[in-house]
>>> print(open('data-v1.cif').read())   # mmCIF, C-alpha atoms and all ligand atoms
data_entry
loop_
_atom_site.label_atom_id
_atom_site.label_comp_id
_atom_site.auth_asym_id
_atom_site.auth_seq_id
_atom_site.Cartn_x
_atom_site.Cartn_y
_atom_site.Cartn_z
CA MET P 1 112.59 91.89 132.76
CA ARG P 2 115.37 92.47 130.26
CA VAL P 3 113.88 93.26 126.87
CA LEU P 4 116.09 92.09 124.03
CA THR P 5 115.42 93.35 120.55
CA ASP P 6 117.43 93.05 117.42
CA PRO P 7 119.62 96.18 117.63
CA ALA P 8 119.25 96.55 113.85
CA VAL P 9 115.48 96.87 114.18
CA THR P 10 115.73 99.46 116.92
CA LYS P 11 118.25 101.46 114.95
CA ILE P 12 116.37 101.42 111.66
CA SER P 13 112.87 102.13 112.83
CA GLY P 14 112.80 103.08 116.47
CA PHE P 15 110.71 99.92 117.05
CA ASP P 16 109.75 100.43 120.69
CA LEU P 17 109.11 97.00 122.12
CA GLU P 18 108.57 98.14 125.69
CA ARG P 19 105.91 100.61 124.60
CA ILE P 20 104.22 98.00 122.38
CA ARG P 21 104.14 95.47 125.23
CA LYS P 22 102.36 98.01 127.43
CA ASP P 23 99.52 98.08 124.89
CA PHE P 24 98.75 94.42 125.71
CA PRO P 25 97.55 94.13 129.32
CA VAL P 26 97.84 90.32 129.51
CA LEU P 27 101.56 90.48 128.84
CA SER P 28 102.20 91.91 132.28
CA GLU P 29 100.24 89.11 133.99
CA THR P 30 101.88 86.31 135.92
CA ALA P 31 101.37 82.53 135.78
CA TYR P 32 102.00 80.69 139.06
CA GLY P 33 103.62 83.86 140.36
CA LYS P 34 106.10 84.01 137.46
CA PRO P 35 106.04 86.58 134.67
CA LEU P 36 103.92 85.19 131.85
CA VAL P 37 105.87 84.24 128.73
CA TYR P 38 103.21 83.92 126.06
CA LEU P 39 104.46 81.88 123.10
CA ASP P 40 101.14 80.48 121.86
CA ASN P 41 100.37 83.22 119.37
CA ALA P 42 99.52 80.85 116.53
CA ALA P 43 96.58 79.60 118.62
CA THR P 44 95.39 83.11 119.41
CA THR P 45 97.12 86.45 119.80
CA GLN P 46 96.75 88.72 122.79
CA LYS P 47 94.58 91.82 122.42
CA PRO P 48 95.71 95.41 122.66
CA ARG P 49 93.93 97.73 125.08
CA SER P 50 92.27 99.56 122.16
CA VAL P 51 90.45 96.34 121.15
CA ILE P 52 89.34 95.63 124.71
CA GLU P 53 88.12 99.22 125.02
CA ALA P 54 86.20 99.01 121.74
CA LEU P 55 84.22 96.07 123.16
CA ASN P 56 83.63 97.90 126.40
CA GLU P 57 82.56 101.10 124.62
CA TYR P 58 80.06 99.21 122.47
CA TYR P 59 78.43 97.39 125.38
CA SER P 60 78.45 100.36 127.71
CA GLY P 61 77.70 103.06 125.15
CA TYR P 62 75.71 101.89 122.15
CA ASN P 63 74.70 98.22 122.37
CA ALA P 64 71.87 97.70 119.89
CA ASN P 65 70.99 95.35 117.09
CA ILE P 66 72.09 96.69 113.74
CA HIS P 67 70.45 97.37 110.38
CA ARG P 68 66.74 98.01 110.08
CA GLY P 69 66.73 99.89 113.41
CA VAL P 70 65.45 103.46 113.09
CA HIS P 71 66.67 104.54 116.50
CA TYR P 72 69.86 106.35 117.40
CA LEU P 73 71.66 103.46 119.06
CA SER P 74 70.92 101.02 116.27
CA GLN P 75 72.18 103.44 113.70
CA LYS P 76 75.33 104.18 115.66
CA ALA P 77 76.04 100.47 116.08
CA GLY P 78 75.21 99.78 112.42
CA GLU P 79 77.56 102.51 111.22
CA ALA P 80 80.39 101.24 113.43
CA TYR P 81 79.82 97.69 112.16
CA ASP P 82 79.64 98.74 108.50
CA ARG P 83 82.81 100.80 108.84
CA VAL P 84 84.71 97.61 109.67
CA ARG P 85 83.79 96.13 106.31
CA VAL P 86 85.52 99.08 104.66
CA LEU P 87 88.52 98.71 107.00
CA VAL P 88 88.84 95.01 106.10
CA LYS P 89 88.49 95.81 102.42
CA ASP P 90 91.36 98.30 102.63
CA PHE P 91 93.43 96.01 104.86
CA ILE P 92 93.48 93.21 102.30
CA HIS P 93 93.15 95.55 99.32
CA ALA P 94 89.91 94.03 98.04
CA ALA P 95 88.19 95.79 95.14
CA SER P 96 84.94 96.37 97.04
CA GLU P 97 83.43 95.88 100.49
CA ARG P 98 80.83 93.69 98.76
CA GLU P 99 83.59 91.08 98.70
CA ILE P 100 83.94 90.99 102.50
CA ILE P 101 81.75 88.48 104.37
CA PHE P 102 81.88 88.41 108.16
CA THR P 103 82.06 84.94 109.66
CA ARG P 104 82.95 83.40 113.02
CA GLY P 105 86.47 82.58 111.85
CA THR P 106 88.57 80.78 109.28
CA THR P 107 86.75 77.52 109.97
CA GLU P 108 83.37 78.99 109.15
CA SER P 109 84.77 80.85 106.13
CA ILE P 110 86.02 77.59 104.63
CA ASN P 111 82.80 75.76 105.49
CA LEU P 112 80.88 78.57 103.81
CA VAL P 113 82.77 78.00 100.55
CA ALA P 114 82.30 74.23 100.82
CA ALA P 115 78.56 74.69 101.42
CA THR P 116 77.94 77.21 98.62
CA PHE P 117 80.61 76.86 95.94
CA GLY P 118 80.76 73.13 96.70
CA ARG P 119 76.99 72.70 96.49
CA LYS P 120 76.82 74.55 93.19
CA TYR P 121 79.93 73.48 91.32
CA ILE P 122 81.24 70.15 92.67
CA SER P 123 79.86 66.87 91.31
CA ALA P 124 80.73 63.17 91.36
CA GLY P 125 84.24 62.49 90.06
CA ASP P 126 85.42 66.11 90.47
CA GLU P 127 88.67 66.69 92.31
CA ILE P 128 89.60 69.13 95.07
CA ILE P 129 93.28 69.70 95.83
CA ILE P 130 94.53 70.60 99.29
CA SER P 131 98.01 70.22 100.78
CA GLY P 132 99.57 67.87 103.29
CA MET P 133 100.10 70.68 105.81
CA GLU P 134 96.48 71.83 106.12
CA HIS P 135 94.81 72.58 109.40
CA HIS P 136 91.86 70.23 110.00
CA SER P 137 89.55 73.10 109.13
CA ASN P 138 90.87 73.00 105.57
CA ILE P 139 90.57 69.22 105.37
CA VAL P 140 87.37 68.09 107.01
CA PRO P 141 84.91 70.42 105.18
CA TRP P 142 86.26 69.08 101.88
CA GLN P 143 86.10 65.49 103.06
CA LEU P 144 82.46 65.99 104.02
CA LEU P 145 81.74 67.57 100.66
CA CYS P 146 83.55 64.81 98.76
CA GLU P 147 81.59 62.18 100.67
CA GLU P 148 78.31 63.89 99.88
CA LYS P 149 79.04 64.53 96.21
CA GLY P 150 81.24 61.56 95.32
CA ALA P 151 84.15 63.92 94.64
CA VAL P 152 87.82 63.10 95.26
CA LEU P 153 90.29 64.83 97.58
CA LYS P 154 93.90 65.05 96.36
CA VAL P 155 96.81 66.11 98.55
CA ILE P 156 100.00 68.00 97.61
CA PRO P 157 102.87 66.24 99.43
CA VAL P 158 105.14 68.01 101.91
CA LEU P 159 108.92 67.78 101.49
CA ASP P 160 111.27 66.91 104.35
CA ASN P 161 112.12 70.56 105.06
CA GLY P 162 108.43 71.49 105.31
CA GLU P 163 108.00 72.98 101.84
CA LEU P 164 105.25 71.92 99.46
CA ASP P 165 106.23 69.66 96.61
CA LEU P 166 105.20 71.94 93.75
CA ALA P 167 106.32 69.47 91.10
CA SER P 168 103.76 67.00 92.47
CA PHE P 169 101.13 69.73 92.50
CA GLN P 170 101.70 70.25 88.77
CA LYS P 171 101.05 66.54 88.27
CA LEU P 172 97.98 66.42 90.54
CA ILE P 173 96.17 69.29 88.88
CA GLY P 174 94.15 68.19 85.89
CA ASP P 175 90.93 68.36 83.94
CA LYS P 176 88.88 67.11 86.88
CA THR P 177 90.24 69.62 89.38
CA CYS P 178 87.51 72.03 90.48
CA LEU P 179 89.11 73.81 93.39
CA VAL P 180 92.49 74.22 95.06
CA SER P 181 92.41 75.12 98.76
CA VAL P 182 95.78 75.75 100.39
CA VAL P 183 97.20 77.28 103.52
CA HIS P 184 99.27 80.44 103.12
CA THR P 185 101.32 80.01 106.31
CA SER P 186 101.46 76.70 108.18
CA ASN P 187 100.46 76.94 111.83
CA THR P 188 102.67 73.95 112.65
CA LEU P 189 105.77 74.39 110.49
CA GLY P 190 105.71 78.14 109.86
CA THR P 191 106.18 77.42 106.14
CA VAL P 192 105.05 80.29 103.93
CA ASN P 193 103.74 78.67 100.78
CA PRO P 194 104.18 80.12 97.29
CA VAL P 195 100.45 80.77 97.02
CA LYS P 196 100.82 83.32 94.24
CA GLU P 197 102.52 80.69 92.10
CA ILE P 198 99.92 78.06 93.05
CA ILE P 199 97.15 80.49 92.06
CA ARG P 200 98.88 81.27 88.76
CA ILE P 201 99.15 77.56 87.93
CA ALA P 202 95.52 76.90 88.89
CA HIS P 203 94.22 79.92 87.00
CA SER P 204 96.06 78.88 83.85
CA ARG P 205 93.55 75.99 83.91
CA LYS P 206 90.62 78.19 85.03
CA ILE P 207 90.54 76.54 88.47
CA LYS P 208 89.50 78.59 91.49
CA VAL P 209 91.73 78.90 94.56
CA LEU P 210 90.93 79.40 98.24
CA VAL P 211 93.75 80.60 100.49
CA ASP P 212 93.65 79.85 104.22
CA ALA P 213 95.28 82.97 105.61
CA ALA P 214 94.55 82.25 109.29
CA GLN P 215 98.24 82.55 110.22
CA ALA P 216 99.23 84.90 107.44
CA MET P 217 97.32 88.04 108.38
CA ILE P 218 99.38 88.87 111.45
CA HIS P 219 102.79 88.16 109.92
CA SER P 220 102.38 89.29 106.31
CA THR P 221 100.72 92.01 104.30
CA ILE P 222 98.04 90.42 102.18
CA ASP P 223 96.87 91.99 98.94
CA VAL P 224 94.08 89.88 97.46
CA GLN P 225 94.19 91.64 94.11
CA ASP P 226 97.91 91.08 93.79
CA LEU P 227 97.55 87.42 94.89
CA ASP P 228 94.53 87.08 92.61
CA CYS P 229 93.01 84.47 94.95
CA ASP P 230 89.33 83.70 94.48
CA PHE P 231 88.66 83.23 98.20
CA LEU P 232 90.65 84.17 101.28
CA ALA P 233 89.72 82.98 104.77
CA PHE P 234 90.99 84.35 108.08
CA SER P 235 90.20 84.77 111.78
CA GLY P 236 90.05 88.01 113.76
CA HIS P 237 91.39 86.45 116.95
CA LYS P 238 94.69 85.49 115.32
CA MET P 239 95.34 89.13 114.36
CA LEU P 240 94.76 90.88 117.70
CA GLY P 241 90.95 90.90 117.42
CA PRO P 242 88.25 89.18 119.48
CA THR P 243 87.34 85.51 119.18
CA GLY P 244 84.22 84.69 117.18
CA THR P 245 85.20 86.92 114.27
CA GLY P 246 86.51 86.09 110.86
CA VAL P 247 86.31 87.02 107.23
CA LEU P 248 85.70 85.31 103.97
CA TYR P 249 86.89 87.37 101.04
CA GLY P 250 85.53 86.28 97.68
CA LYS P 251 85.71 87.89 94.26
CA ALA P 252 82.39 89.65 93.66
CA GLY P 253 81.87 87.92 90.30
CA ILE P 254 82.05 84.53 92.03
CA LEU P 255 80.06 85.40 95.16
CA GLU P 256 77.22 86.83 93.09
CA LYS P 257 76.63 83.43 91.51
CA LEU P 258 76.65 81.43 94.76
CA PRO P 259 73.56 80.20 96.60
CA PRO P 260 72.99 81.39 100.21
CA TYR P 261 74.84 79.73 103.07
CA GLN P 262 72.45 79.77 106.03
CA GLY P 263 68.84 80.90 105.90
CA GLY P 264 67.37 83.43 108.33
CA GLY P 265 67.01 87.12 109.04
CA GLU P 266 69.15 89.74 107.26
CA MET P 267 70.10 87.56 104.30
CA ILE P 268 66.78 87.97 102.47
CA GLU P 269 65.29 90.54 100.15
CA SER P 270 61.69 89.41 100.66
CA VAL P 271 60.04 86.36 102.20
CA SER P 272 56.70 84.80 101.41
CA PHE P 273 55.47 81.25 101.87
CA ASP P 274 55.56 80.84 98.10
CA LYS P 275 59.01 82.22 97.40
CA THR P 276 61.88 83.91 99.14
CA THR P 277 64.34 86.14 97.35
CA PHE P 278 67.77 86.84 98.71
CA ALA P 279 69.77 89.93 99.54
CA ASP P 280 72.72 91.05 97.48
CA ILE P 281 76.26 90.04 98.49
CA PRO P 282 77.79 90.08 101.07
CA VAL P 283 74.71 90.13 103.34
CA ARG P 284 73.27 87.11 101.52
CA PHE P 285 75.87 85.05 103.40
CA GLU P 286 75.31 86.64 106.81
CA ALA P 287 72.10 85.24 108.27
CA GLY P 288 71.07 86.30 111.77
CA THR P 289 72.39 88.80 114.26
CA PRO P 290 76.15 88.97 113.86
CA SER P 291 78.77 89.27 116.57
CA ILE P 292 78.46 93.06 116.47
CA ALA P 293 80.80 94.05 119.29
CA ASP P 294 83.43 91.56 118.19
CA VAL P 295 83.39 92.76 114.59
CA ILE P 296 83.83 96.31 115.86
CA GLY P 297 86.70 94.99 118.00
CA MET P 298 88.23 93.39 114.92
CA GLY P 299 88.07 96.80 113.25
CA SER P 300 90.00 98.19 116.16
CA ALA P 301 92.62 95.43 115.76
CA ILE P 302 93.03 96.40 112.12
CA GLY P 303 93.38 100.00 113.25
CA TYR P 304 96.16 98.97 115.64
CA LEU P 305 97.99 96.98 112.97
CA SER P 306 97.61 99.74 110.42
CA THR P 307 99.31 102.30 112.62
CA MET P 308 102.26 100.15 113.63
CA ASP P 309 105.49 99.74 111.71
CA ARG P 310 104.77 96.28 110.37
CA LYS P 311 108.06 96.03 108.54
CA ALA P 312 109.96 96.54 111.79
CA ALA P 313 107.58 94.12 113.55
CA GLY P 314 108.36 91.52 110.88
CA MET P 315 112.10 92.06 111.28
CA HIS P 316 111.79 91.64 115.03
CA GLU P 317 109.85 88.39 114.57
CA LYS P 318 112.58 87.10 112.24
CA PHE P 319 115.13 87.98 114.90
CA LEU P 320 113.20 86.01 117.53
CA LEU P 321 112.90 83.03 115.19
CA LYS P 322 116.60 83.11 114.39
CA GLU P 323 117.58 83.30 118.06
CA ALA P 324 115.20 80.48 119.02
CA THR P 325 116.29 78.25 116.14
CA ALA P 326 119.99 78.73 116.88
CA ALA P 327 119.52 78.03 120.61
CA LEU P 328 117.30 74.98 120.03
CA GLU P 329 119.71 73.51 117.51
CA GLU P 330 122.42 73.55 120.16
CA ILE P 331 120.41 71.45 122.62
CA PRO P 332 121.25 67.75 122.23
CA GLY P 333 118.24 65.62 121.27
CA VAL P 334 116.15 68.53 119.96
CA ARG P 335 114.95 68.27 116.37
CA ILE P 336 113.13 71.13 114.67
CA ILE P 337 110.30 70.07 112.38
CA GLY P 338 110.06 72.39 109.39
CA ASN P 339 112.95 74.60 108.32
CA SER P 340 111.86 76.00 105.01
CA PRO P 341 113.49 79.25 103.96
CA GLY P 342 111.54 82.41 104.81
CA LYS P 343 109.32 80.67 107.34
CA ALA P 344 107.15 82.61 109.78
CA SER P 345 108.07 82.96 113.47
CA VAL P 346 106.79 79.53 114.48
CA VAL P 347 109.13 76.84 115.73
CA SER P 348 107.97 73.26 116.23
CA PHE P 349 110.28 70.71 117.75
CA VAL P 350 110.52 67.24 119.23
CA VAL P 351 112.99 65.96 121.83
CA ASP P 352 114.38 62.44 121.54
CA GLY P 353 112.71 60.07 123.98
CA LEU P 354 110.45 62.72 125.53
CA ASN P 355 106.79 63.40 125.23
CA ALA P 356 105.79 66.86 123.93
CA LEU P 357 103.02 67.12 126.52
CA ASP P 358 105.45 66.52 129.42
CA ILE P 359 107.71 69.26 128.10
CA GLY P 360 104.78 71.65 127.68
CA MET P 361 103.62 70.94 131.21
CA TYR P 362 107.08 71.60 132.63
CA LEU P 363 107.40 74.86 130.68
CA ASP P 364 103.98 75.86 132.01
CA THR P 365 105.27 75.57 135.58
CA ARG P 366 107.84 78.21 134.60
CA GLY P 367 105.11 80.53 133.30
CA ILE P 368 105.89 79.72 129.66
CA ALA P 369 102.86 79.10 127.44
CA VAL P 370 103.59 76.88 124.43
CA ARG P 371 101.32 74.48 122.61
CA THR P 372 101.88 70.74 122.36
CA GLY P 373 100.30 68.00 120.28
CA HIS P 374 99.26 67.78 116.65
CA HIS P 375 98.12 71.40 116.32
CA CYS P 376 95.04 70.28 114.35
CA THR P 377 97.36 68.98 111.62
CA GLU P 378 97.27 65.27 112.34
CA PRO P 379 98.03 64.18 108.75
CA LEU P 380 101.13 66.40 108.82
CA MET P 381 102.29 64.71 112.03
CA ASN P 382 101.81 61.34 110.35
CA ARG P 383 103.86 62.59 107.40
CA PHE P 384 106.77 63.24 109.79
CA GLY P 385 106.12 60.04 111.74
CA ILE P 386 105.61 61.82 115.06
CA PRO P 387 102.60 62.08 117.38
CA GLY P 388 103.08 65.78 118.01
CA THR P 389 105.50 68.62 118.64
CA VAL P 390 106.15 71.40 121.10
CA ARG P 391 105.34 74.63 119.29
CA ALA P 392 106.51 78.10 120.24
CA SER P 393 104.95 80.80 118.09
CA PHE P 394 106.35 84.29 118.43
CA LEU P 395 104.76 87.64 117.77
CA PHE P 396 106.25 91.13 117.52
CA TYR P 397 105.55 91.75 121.22
CA ASN P 398 107.75 88.84 122.36
CA THR P 399 111.27 89.52 123.52
CA GLY P 400 114.69 87.99 123.06
CA GLU P 401 114.70 87.45 126.82
CA GLU P 402 111.57 85.32 126.48
CA VAL P 403 113.29 83.22 123.84
CA ARG P 404 116.18 82.75 126.26
CA GLN P 405 113.78 81.72 129.02
CA LEU P 406 112.16 79.19 126.70
CA THR P 407 115.42 77.53 125.73
CA GLU P 408 116.92 77.60 129.25
CA SER P 409 113.72 76.12 130.71
CA LEU P 410 113.70 73.50 127.98
CA LYS P 411 117.19 72.41 129.01
CA MET P 412 115.94 72.06 132.59
CA ALA P 413 112.90 70.10 131.40
CA ILE P 414 115.10 67.70 129.45
CA GLN P 415 117.38 67.19 132.43
CA LEU P 416 114.49 66.56 134.80
CA LEU P 417 112.40 64.36 132.51
CA THR P 418 115.34 62.29 131.32
CA LYS P 419 116.30 61.42 134.92
CA LYS P 420 112.98 59.64 135.49
N1 LIG K 501 93.80 77.42 109.47
C1 LIG K 501 94.96 77.57 110.11
C2 LIG K 501 96.24 77.56 109.35
C3 LIG K 501 94.96 77.74 111.49
O1 LIG K 501 96.11 77.89 112.15
C4 LIG K 501 93.72 77.73 112.18
C5 LIG K 501 93.71 77.83 113.65
O2 LIG K 501 94.67 77.57 114.32
C6 LIG K 501 92.55 77.59 111.45
C7 LIG K 501 92.63 77.43 110.09
C8 LIG K 501 91.21 77.63 112.12
O3 LIG K 501 91.00 78.91 112.66
P1 LIG K 501 89.73 79.19 113.59
O4 LIG K 501 89.77 78.16 114.68
O5 LIG K 501 89.97 80.58 114.09
O6 LIG K 501 88.53 79.08 112.75
#
>>> encode(input="data-v1.cif", output="structure tokens")
Amino acid sequence: MRVLTDPAVTKISGFDLERIRKDFPVLSETAYGKPLVYLDNAATTQKPRSVIEALNEYYSGYNANIHRGVHYLSQKAGEAYDRVRVLVKDFIHAASEREIIFTRGTTESINLVAATFGRKYISAGDEIIISGMEHHSNIVPWQLLCEEKGAVLKVIPVLDNGELDLASFQKLIGDKTCLVSVVHTSNTLGTVNPVKEIIRIAHSRKIKVLVDAAQAMIHSTIDVQDLDCDFLAFSGHKMLGPTGTGVLYGKAGILEKLPPYQGGGEMIESVSFDKTTFADIPVRFEAGTPSIADVIGMGSAIGYLSTMDRKAAGMHEKFLLKEATAALEEIPGVRIIGNSPGKASVVSFVVDGLNALDIGMYLDTRGIAVRTGHHCTEPLMNRFGIPGTVRASFLFYNTGEEVRQLTESLKMAIQLLTKK
């Protein structure tokens, strides 16, 4: 396979795409006998060998339940698990590892905030602001909370190019607003929202902000102290780590005041039938045996990302996006949904008269994995008046040749499907 990289990236940094691709075993797999072209990275990223080995090492070398165990294996597992909290803290530049809560993913992180912050601070008539480009996991928990509490959900509109309408946000935010919860990087449009500005506006009115960074972690460098967000939610599996892992970052001063999330083992200080007292943060929010191996695997993913040249990776992703956008724009009948400046390497498109699913199925026969449908952003699809899109989401390990294969196969799909 011809590997095409932006020559500028190679020259500046020695970004070695072929070597990077070898770190990800799945990338040399085939689909229907054809080389796999994996362009579904926004759904989940592939895992480097170091992550796969970390899981294997845990299960074959030191599988044990953590904390409270006096024996060697338990302590070894506990230390490995606890080390990840420090790694995550450094990765997002949190002030303390007390601010890092392990969850099953972005979805659970957001639900945790809805269940604790929501339970404590949201009452009838209060308002929660989200945006029109949210993933369902940053819509439904708030709808459930609003229904329960009699609160009101307000939505920042999306402009035609896929940017948020910040002027409308300024009008929506008011005395009744209790929380703003917005996505950093849209999984459907690739839009990178001005979250720092949104946080600044909200904080000027003493309103807390949650940032859904599910898509942001792999493409951007996130510094929670610089952003000044109150909560940040993300998933390990979208940043090279195992599924079933995620993080909720919360400012210590806020977390300390929140009630527990789930009840059970680990999250308590002492239990009696008269009264139970709860552990300090972050463990107060981590009831039960966690996904130990997977958290350790997530630590390994952070290790991988921390040693790579992320600036060069970002430049390469921009190159892939530019190539894909230019080639798609030349194909008659193709319309790209979302073209905000500075967007992430995600391209969503529709083709006149054709169904996204049919296109996805044809591309699949060529070994090309894209995603089709509403991408768990149904309200956003309604906003654009379409049932769904074809979405190709690129990561630093994708190649210019893969972009070419996508666009050439798309032309064939259009020809074939239009004939019918
Ligand atoms: N938020 C965004 C922007 C996403 O893209 C996703 C998943 O695609 C989620 C939230 C939910 O993530 P998870 O399913 O890992 O909890």
>>> atom_distance(input="data-v1.cif", atom1="atom CA of Gly367 of chain P", atom2="atom CA of Gly33 of chain P")
7.9 Å
>>> atom_distance(input="data-v1.cif", atom1="atom CA of Asp294 of chain P", atom2="atom CA of Ile110 of chain P")
19.6 Å
>>> residues_around(input="data-v1.cif", residues="segment 265-271 of chain P", least_positions_apart="5", cutoff="7 Å", atoms="only C-alpha atoms", output="list in words")
Thr276, Thr277, Phe278, Ala279, Val283, Arg284, Phe285, Glu286, Ala287 and Gly288 of chain P
>>> closest_atom_pairs(input="data-v1.cif", of="chain P", to="ligand LIG 501 (chain K)", cutoff="9 Å", atoms="only C-alpha atoms and all ligand atoms", output="JSON lines")
{"residue": "P:Ala42", "atom": "CA", "partner": "K:LIG501", "partner_atom": "O2", "distance": 6.3}
{"residue": "P:Ala43", "atom": "CA", "partner": "K:LIG501", "partner_atom": "O2", "distance": 5.1}
{"residue": "P:Thr44", "atom": "CA", "partner": "K:LIG501", "partner_atom": "O2", "distance": 7.6}
{"residue": "P:Arg104", "atom": "CA", "partner": "K:LIG501", "partner_atom": "O6", "distance": 7.1}
{"residue": "P:Gly105", "atom": "CA", "partner": "K:LIG501", "partner_atom": "O6", "distance": 4.2}
{"residue": "P:Thr106", "atom": "CA", "partner": "K:LIG501", "partner_atom": "O6", "distance": 3.9}
{"residue": "P:Thr107", "atom": "CA", "partner": "K:LIG501", "partner_atom": "O6", "distance": 3.7}
{"residue": "P:Glu108", "atom": "CA", "partner": "K:LIG501", "partner_atom": "O6", "distance": 6.3}
{"residue": "P:Ser109", "atom": "CA", "partner": "K:LIG501", "partner_atom": "O6", "distance": 7.8}
{"residue": "P:Ile110", "atom": "CA", "partner": "K:LIG501", "partner_atom": "C7", "distance": 8.6}
{"residue": "P:Met133", "atom": "CA", "partner": "K:LIG501", "partner_atom": "C2", "distance": 8.6}
{"residue": "P:Glu134", "atom": "CA", "partner": "K:LIG501", "partner_atom": "C2", "distance": 6.6}
{"residue": "P:His135", "atom": "CA", "partner": "K:LIG501", "partner_atom": "N1", "distance": 4.9}
{"residue": "P:His136", "atom": "CA", "partner": "K:LIG501", "partner_atom": "C7", "distance": 7.2}
{"residue": "P:Ser137", "atom": "CA", "partner": "K:LIG501", "partner_atom": "C7", "distance": 5.4}
{"residue": "P:Asn138", "atom": "CA", "partner": "K:LIG501", "partner_atom": "C7", "distance": 6.6}
{"residue": "P:Val183", "atom": "CA", "partner": "K:LIG501", "partner_atom": "C2", "distance": 5.9}
{"residue": "P:His184", "atom": "CA", "partner": "K:LIG501", "partner_atom": "C2", "distance": 7.5}
{"residue": "P:Thr185", "atom": "CA", "partner": "K:LIG501", "partner_atom": "C2", "distance": 6.4}
{"residue": "P:Ser186", "atom": "CA", "partner": "K:LIG501", "partner_atom": "C2", "distance": 5.4}
{"residue": "P:Asn187", "atom": "CA", "partner": "K:LIG501", "partner_atom": "O1", "distance": 4.5}
{"residue": "P:Thr188", "atom": "CA", "partner": "K:LIG501", "partner_atom": "O1", "distance": 7.7}
{"residue": "P:Asp212", "atom": "CA", "partner": "K:LIG501", "partner_atom": "N1", "distance": 5.8}
{"residue": "P:Ala213", "atom": "CA", "partner": "K:LIG501", "partner_atom": "C2", "distance": 6.6}
{"residue": "P:Ala214", "atom": "CA", "partner": "K:LIG501", "partner_atom": "C1", "distance": 4.8}
{"residue": "P:Gln215", "atom": "CA", "partner": "K:LIG501", "partner_atom": "C2", "distance": 5.4}
{"residue": "P:Ala216", "atom": "CA", "partner": "K:LIG501", "partner_atom": "C2", "distance": 8.2}
{"residue": "P:Ala233", "atom": "CA", "partner": "K:LIG501", "partner_atom": "C7", "distance": 8.2}
{"residue": "P:Phe234", "atom": "CA", "partner": "K:LIG501", "partner_atom": "O3", "distance": 7.1}
{"residue": "P:Ser235", "atom": "CA", "partner": "K:LIG501", "partner_atom": "O5", "distance": 4.8}
{"residue": "P:Gly236", "atom": "CA", "partner": "K:LIG501", "partner_atom": "O5", "distance": 7.4}
{"residue": "P:His237", "atom": "CA", "partner": "K:LIG501", "partner_atom": "O5", "distance": 6.7}
{"residue": "P:Lys238", "atom": "CA", "partner": "K:LIG501", "partner_atom": "O5", "distance": 6.9}
{"residue": "P:Thr243", "atom": "CA", "partner": "K:LIG501", "partner_atom": "O5", "distance": 7.6}
{"residue": "P:Gly244", "atom": "CA", "partner": "K:LIG501", "partner_atom": "O5", "distance": 7.7}
{"residue": "P:Thr245", "atom": "CA", "partner": "K:LIG501", "partner_atom": "O5", "distance": 7.9}
{"residue": "P:Gly246", "atom": "CA", "partner": "K:LIG501", "partner_atom": "O5", "distance": 7.3}
{"residue": "P:His375", "atom": "CA", "partner": "K:LIG501", "partner_atom": "O2", "distance": 7.3}
{"residue": "P:Cys376", "atom": "CA", "partner": "K:LIG501", "partner_atom": "O2", "distance": 7.3}
{"residue": "P:Thr377", "atom": "CA", "partner": "K:LIG501", "partner_atom": "C2", "distance": 8.9}
>>> closest_atom_pairs(input="data-v1.cif", of="segment 149-259 of chain P", to="segment 328-346 of chain P", cutoff="8 Å", atoms="all atoms listed in the file", output="JSON lines")
{"residue": "P:Asp160", "atom": "CA", "partner": "P:Gly338", "partner_atom": "CA", "distance": 7.5}
{"residue": "P:Asn161", "atom": "CA", "partner": "P:Gly338", "partner_atom": "CA", "distance": 5.1}
{"residue": "P:Gly162", "atom": "CA", "partner": "P:Gly338", "partner_atom": "CA", "distance": 4.5}
{"residue": "P:Glu163", "atom": "CA", "partner": "P:Ser340", "partner_atom": "CA", "distance": 5.8}
{"residue": "P:Thr185", "atom": "CA", "partner": "P:Ala344", "partner_atom": "CA", "distance": 7.3}
{"residue": "P:Asn187", "atom": "CA", "partner": "P:Val346", "partner_atom": "CA", "distance": 7.3}
{"residue": "P:Thr188", "atom": "CA", "partner": "P:Val346", "partner_atom": "CA", "distance": 7.2}
{"residue": "P:Leu189", "atom": "CA", "partner": "P:Gly338", "partner_atom": "CA", "distance": 4.9}
{"residue": "P:Gly190", "atom": "CA", "partner": "P:Ala344", "partner_atom": "CA", "distance": 4.7}
{"residue": "P:Thr191", "atom": "CA", "partner": "P:Lys343", "partner_atom": "CA", "distance": 4.7}
{"residue": "P:Val192", "atom": "CA", "partner": "P:Lys343", "partner_atom": "CA", "distance": 5.5}
{"residue": "P:His219", "atom": "CA", "partner": "P:Ala344", "partner_atom": "CA", "distance": 7.1}
>>> closest_residue(input="data-v1.cif", among="P:His316, P:Arg371, P:Arg200, P:His93", to="Thr399 of chain P", atoms="only C-alpha atoms")
P:His316
>>> residues_near_point(input="data-v1.cif", point="(97.2, 94.9, 119.1)", cutoff="12 Å", atoms="all atoms listed in the file", output="ChimeraX atom specification")
/P:19-27,44-53,218,236-242,297-308,310,313,395-397
>>> atom_distance(input="data-v1.cif", atom1="atom CA of Lys257 of chain P", atom2="atom CA of Pro282 of chain P")
11.7 Å
>>> closest_residue(input="data-v1.cif", among="P:Ser348, P:Thr103, P:Asn65, P:Gln405", to="Gly388 of chain P", atoms="all atoms listed in the file")
P:Ser348
>>> closest_residue(input="data-v1.cif", among="P:Ser131, P:Thr325, P:Ser291, P:Asn41", to="Pro379 of chain P", atoms="only C-alpha atoms")
P:Ser131
